[in-house]
Amino acid sequence: MNRRHFLALTGGLAAQTATLLRVPSAEAAAAAAKSRLDRIAETKARILPLHSKKGPVRPGDWLDEHKEDGQSFAQFLTTHKTPAQKQYPTLYVQPLGTFTKSQRAIVDHTVDFMSRFYGMPTKVLPDVSLAKLPAKARRVHPTWDVPQVLSTHLLYEVLKPLRPTDAAAVLGLTAEDLWPGKNWNYVFGQASLSERVGVWSIYRNGDVDGTPEEQKLFLQRTLGTATHETGHMFGIQHCIAYECGMNGSNSQEEGDRQPLEFCPECQAKLWWTCNLDWSVRFQKLEEFAQAHDLQEEAEFWKKSRAAIAK
Ligand SMILES: [Zn+2]
Ligand SMILES: [Zn+2]
């Protein structure tokens, strides 16, 4: 099986409990939430014309093989009444194992991009070595002869114990190839919603030292997987309504067809749960895209900024 990712949907974020010294009245809090939801609805409508409905499903695509119901913003709100950011205000990236200089640059760019995309401070944790993993966490693929690391071991035995208490998510990044267990050839990434940890490999993202086009593709693939899997950790399910970064994906070819940005319905979820300023977000994403020669994306975020400025 060649899956872009293998997601353990094992529950939502822990129940939200706010321990504030001064708690605003319930009425004032409800009014503030209503006003924010009204502004989200208005902004969502403004960017809607920039997005495309999901195109026809091709044979072998994710939706060709998986029956999914989708998730509207209204549905998301029923299980995420309080923004996750209020309890978990920080994202963390955990480098796992060794990286070449070019690969390390990709990790740095991913950290920068995540902070812009999710509007949260994103911190890098000190490197963790994979040199002394137990034998059960390593194998050589039986037919390809490729050394691989067990993704579930990284999630539950390495990342979870290191997770800081304020972490909305810990994103483990490795240059090693991953496999998620019996009957799987490999996996690009895997996340646990209930534990707020995920791990992604850049091993299959192409040639990081190749032509400028290959380097760009490598970056796009890494950013796409990081934002998609982090979306899951915030409770965002696969999108079936629009062409969207939260579309499920069965192969690298299908993943490459998907946009980096989320559709209005899925963006509204992250605006709400990350408690972010969408106008600042568009501007910061446009600046990133310009700096990394991602022209199509830069143009899209420029248009998004213009749509909400009218
Ligand atoms: Zn997914
Ligand atoms: Zn979507």
# chains A, B, ... in the order shown; residues from 1 in each chain; ligands from 1

$ residues_around --residues "stretch 127-137 of chain A" --least-positions-apart "3" --cutoff "8 Å" --atoms "only C-alpha atoms" --output "PyMOL selection string"
chain A and resi 94-98+149-150+153

$ residues_near_ligand --ligand "ligand 1" --cutoff "12 Å" --atoms "only C-alpha atoms and all ligand atoms" --output "MDAnalysis selection string"
chainID A and resid 3:9 62:63 66 68 70 187:193 198 224:240 244:251 255

$ write_last_selection --atoms "N, CA and C atoms" --output "compact mmCIF listing (two decimals), in the first residue's frame"
# COMPACT_ATOMS: atom_id res chain seq x y z
N ARG A 3 0.40 4.79 0.70
CA ARG A 3 -0.43 5.87 1.20
C ARG A 3 0.41 7.08 1.54
N ARG A 4 -0.12 8.26 1.23
CA ARG A 4 0.61 9.47 1.57
C ARG A 4 0.78 9.56 3.08
N HIS A 5 -0.23 9.15 3.78
CA HIS A 5 -0.13 9.16 5.23
C HIS A 5 -1.08 8.15 5.80
N PHE A 6 -0.89 7.86 7.03
CA PHE A 6 -1.70 6.89 7.74
C PHE A 6 -2.04 7.56 9.04
N LEU A 7 -3.31 7.87 9.21
CA LEU A 7 -3.69 8.73 10.32
C LEU A 7 -4.39 7.94 11.40
N ALA A 8 -3.91 8.09 12.60
CA ALA A 8 -4.59 7.47 13.73
C ALA A 8 -5.59 8.46 14.31
N LEU A 9 -6.85 8.31 13.93
CA LEU A 9 -7.90 9.21 14.42
C LEU A 9 -8.41 8.65 15.74
N TRP A 62 -7.70 9.02 -3.75
CA TRP A 62 -8.12 8.74 -2.37
C TRP A 62 -9.63 8.49 -2.29
N LEU A 63 -10.42 9.38 -2.90
CA LEU A 63 -11.88 9.25 -2.80
C LEU A 63 -12.44 8.12 -3.66
N HIS A 66 -11.80 5.48 -0.76
CA HIS A 66 -12.27 5.72 0.60
C HIS A 66 -13.58 6.49 0.59
N GLU A 68 -15.79 9.01 2.27
CA GLU A 68 -15.66 10.02 3.32
C GLU A 68 -16.84 10.99 3.25
N GLY A 70 -16.76 14.23 4.63
CA GLY A 70 -16.40 15.64 4.68
C GLY A 70 -16.76 16.24 6.03
N VAL A 187 5.38 4.92 4.57
CA VAL A 187 4.38 5.96 4.81
C VAL A 187 5.10 7.31 4.77
N PHE A 188 4.42 8.33 4.24
CA PHE A 188 5.02 9.68 4.22
C PHE A 188 4.96 10.32 5.61
N GLY A 189 3.86 10.06 6.30
CA GLY A 189 3.71 10.66 7.62
C GLY A 189 2.60 9.98 8.38
N GLN A 190 2.57 10.22 9.67
CA GLN A 190 1.52 9.65 10.51
C GLN A 190 1.32 10.59 11.68
N ALA A 191 0.06 10.74 12.11
CA ALA A 191 -0.23 11.64 13.23
C ALA A 191 -1.18 10.97 14.20
N SER A 192 -1.09 11.37 15.45
CA SER A 192 -2.05 10.95 16.45
C SER A 192 -2.79 12.18 16.95
N LEU A 193 -4.07 12.22 16.69
CA LEU A 193 -4.88 13.36 17.12
C LEU A 193 -4.94 13.49 18.62
N GLY A 198 2.95 14.17 15.60
CA GLY A 198 2.96 13.64 14.25
C GLY A 198 4.40 13.49 13.79
N GLY A 224 3.36 20.86 2.22
CA GLY A 224 2.01 20.30 2.05
C GLY A 224 1.72 19.22 3.08
N THR A 225 2.68 18.33 3.29
CA THR A 225 2.47 17.26 4.28
C THR A 225 2.40 17.84 5.69
N ALA A 226 3.28 18.79 5.99
CA ALA A 226 3.30 19.38 7.35
C ALA A 226 1.98 20.09 7.66
N THR A 227 1.46 20.88 6.73
CA THR A 227 0.23 21.62 7.01
C THR A 227 -0.98 20.67 7.04
N HIS A 228 -1.00 19.68 6.16
CA HIS A 228 -2.11 18.72 6.12
C HIS A 228 -2.19 17.94 7.43
N GLU A 229 -1.07 17.37 7.84
CA GLU A 229 -1.09 16.53 9.05
C GLU A 229 -1.33 17.37 10.30
N THR A 230 -0.81 18.57 10.32
CA THR A 230 -1.08 19.45 11.46
C THR A 230 -2.56 19.81 11.50
N GLY A 231 -3.16 19.99 10.33
CA GLY A 231 -4.61 20.21 10.26
C GLY A 231 -5.37 19.09 10.95
N HIS A 232 -4.96 17.85 10.69
CA HIS A 232 -5.60 16.72 11.36
C HIS A 232 -5.45 16.84 12.88
N MET A 233 -4.27 17.27 13.32
CA MET A 233 -4.05 17.35 14.78
C MET A 233 -4.92 18.43 15.42
N PHE A 234 -5.37 19.38 14.62
CA PHE A 234 -6.31 20.39 15.12
C PHE A 234 -7.76 19.90 14.97
N GLY A 235 -7.95 18.67 14.51
CA GLY A 235 -9.30 18.11 14.40
C GLY A 235 -9.95 18.33 13.05
N ILE A 236 -9.19 18.80 12.06
CA ILE A 236 -9.75 19.02 10.72
C ILE A 236 -9.72 17.69 9.96
N GLN A 237 -10.89 17.30 9.46
CA GLN A 237 -10.96 16.05 8.71
C GLN A 237 -10.73 16.28 7.23
N HIS A 238 -10.67 15.20 6.47
CA HIS A 238 -10.44 15.36 5.03
C HIS A 238 -11.56 16.16 4.38
N CYS A 239 -11.18 16.97 3.42
CA CYS A 239 -12.11 17.83 2.70
C CYS A 239 -12.52 17.14 1.40
N ILE A 240 -13.84 17.10 1.16
CA ILE A 240 -14.31 16.50 -0.09
C ILE A 240 -15.05 17.53 -0.94
N CYS A 244 -8.30 21.41 -2.09
CA CYS A 244 -7.92 21.89 -0.76
C CYS A 244 -6.73 21.11 -0.22
N GLY A 245 -5.90 21.78 0.57
CA GLY A 245 -4.77 21.11 1.21
C GLY A 245 -5.20 20.01 2.16
N MET A 246 -6.48 19.98 2.52
CA MET A 246 -6.99 18.92 3.41
C MET A 246 -7.66 17.78 2.64
N ASN A 247 -7.53 17.76 1.32
CA ASN A 247 -8.00 16.60 0.55
C ASN A 247 -7.15 15.38 0.93
N GLY A 248 -7.77 14.23 1.01
CA GLY A 248 -7.00 13.01 1.20
C GLY A 248 -6.19 12.73 -0.05
N SER A 249 -5.13 11.94 0.10
CA SER A 249 -4.27 11.69 -1.04
C SER A 249 -3.72 10.28 -0.98
N ASN A 250 -3.80 9.60 -2.10
CA ASN A 250 -3.41 8.19 -2.16
C ASN A 250 -2.01 7.99 -2.71
N SER A 251 -1.45 9.05 -3.29
CA SER A 251 -0.15 8.90 -3.94
C SER A 251 0.52 10.27 -4.02
N GLY A 255 -1.12 13.98 -4.49
CA GLY A 255 -0.73 15.06 -3.57
C GLY A 255 -0.21 16.27 -4.32

$ residues_around --residues "A:Leu91" --least-positions-apart "4" --cutoff "8 Å" --atoms "only C-alpha atoms" --output "number ranges by chain"
A: 115, 120-123, 167-171

$ atom_distance --atom1 "atom CA of A:Leu270" --atom2 "atom CA of A:Tyr203"
28.0 Å

$ select_by_dssp --residues "stretch 65-258 of chain A" --states "strand (DSSP E)" --output "number ranges by chain"
A: 90-96, 122-124, 138-140, 147-150, 167-174, 177-179, 186-192, 197-201

$ residues_around --residues "A:Lys160" --least-positions-apart "3" --cutoff "7 Å" --atoms "only C-alpha atoms" --output "list in words"
Leu155, Tyr156, Glu157, Arg163, Glu195 and Val197 of chain A

$ write_last_selection --atoms "C-alpha atoms" --output "compact mmCIF listing (two decimals), in the first residue's frame"
# COMPACT_ATOMS: atom_id res chain seq x y z
CA LEU A 155 5.11 8.88 17.76
CA TYR A 156 4.56 7.13 21.05
CA GLU A 157 8.05 6.34 22.40
CA ARG A 163 5.87 16.98 24.18
CA GLU A 195 -1.61 12.74 21.53
CA VAL A 197 2.14 14.35 17.86

$ select_by_dssp --residues "stretch 199-238 of chain A" --states "helix (DSSP H, G or I)" --output "ChimeraX atom specification"
/A:212-233

$ write_last_selection --atoms "C-alpha atoms" --output "CSV table (one decimal), in the first residue's frame"
chain,number,residue,atom,x,y,z
A,212,PRO,CA,15.7,24.8,-9.0
A,213,GLU,CA,12.4,23.2,-10.1
A,214,GLU,CA,13.2,20.0,-8.2
A,215,GLN,CA,14.2,22.0,-5.1
A,216,LYS,CA,10.9,23.9,-5.3
A,217,LEU,CA,8.9,20.7,-5.6
A,218,PHE,CA,10.8,19.2,-2.6
A,219,LEU,CA,9.8,22.3,-0.5
A,220,GLN,CA,6.2,22.3,-1.7
A,221,ARG,CA,5.8,18.6,-0.8
A,222,THR,CA,7.3,19.1,2.7
A,223,LEU,CA,5.1,22.1,3.4
A,224,GLY,CA,2.0,20.3,2.0
A,225,THR,CA,2.5,17.3,4.3
A,226,ALA,CA,3.3,19.4,7.3
A,227,THR,CA,0.2,21.6,7.0
A,228,HIS,CA,-2.1,18.7,6.1
A,229,GLU,CA,-1.1,16.5,9.0
A,230,THR,CA,-1.1,19.5,11.5
A,231,GLY,CA,-4.6,20.2,10.3
A,232,HIS,CA,-5.6,16.7,11.4
A,233,MET,CA,-4.1,17.4,14.8

$ closest_residue --among "A:Arg139, A:Lys269, A:Arg104, A:Lys302" --to "ligand 2" --atoms "only C-alpha atoms and all ligand atoms"
A:Lys269
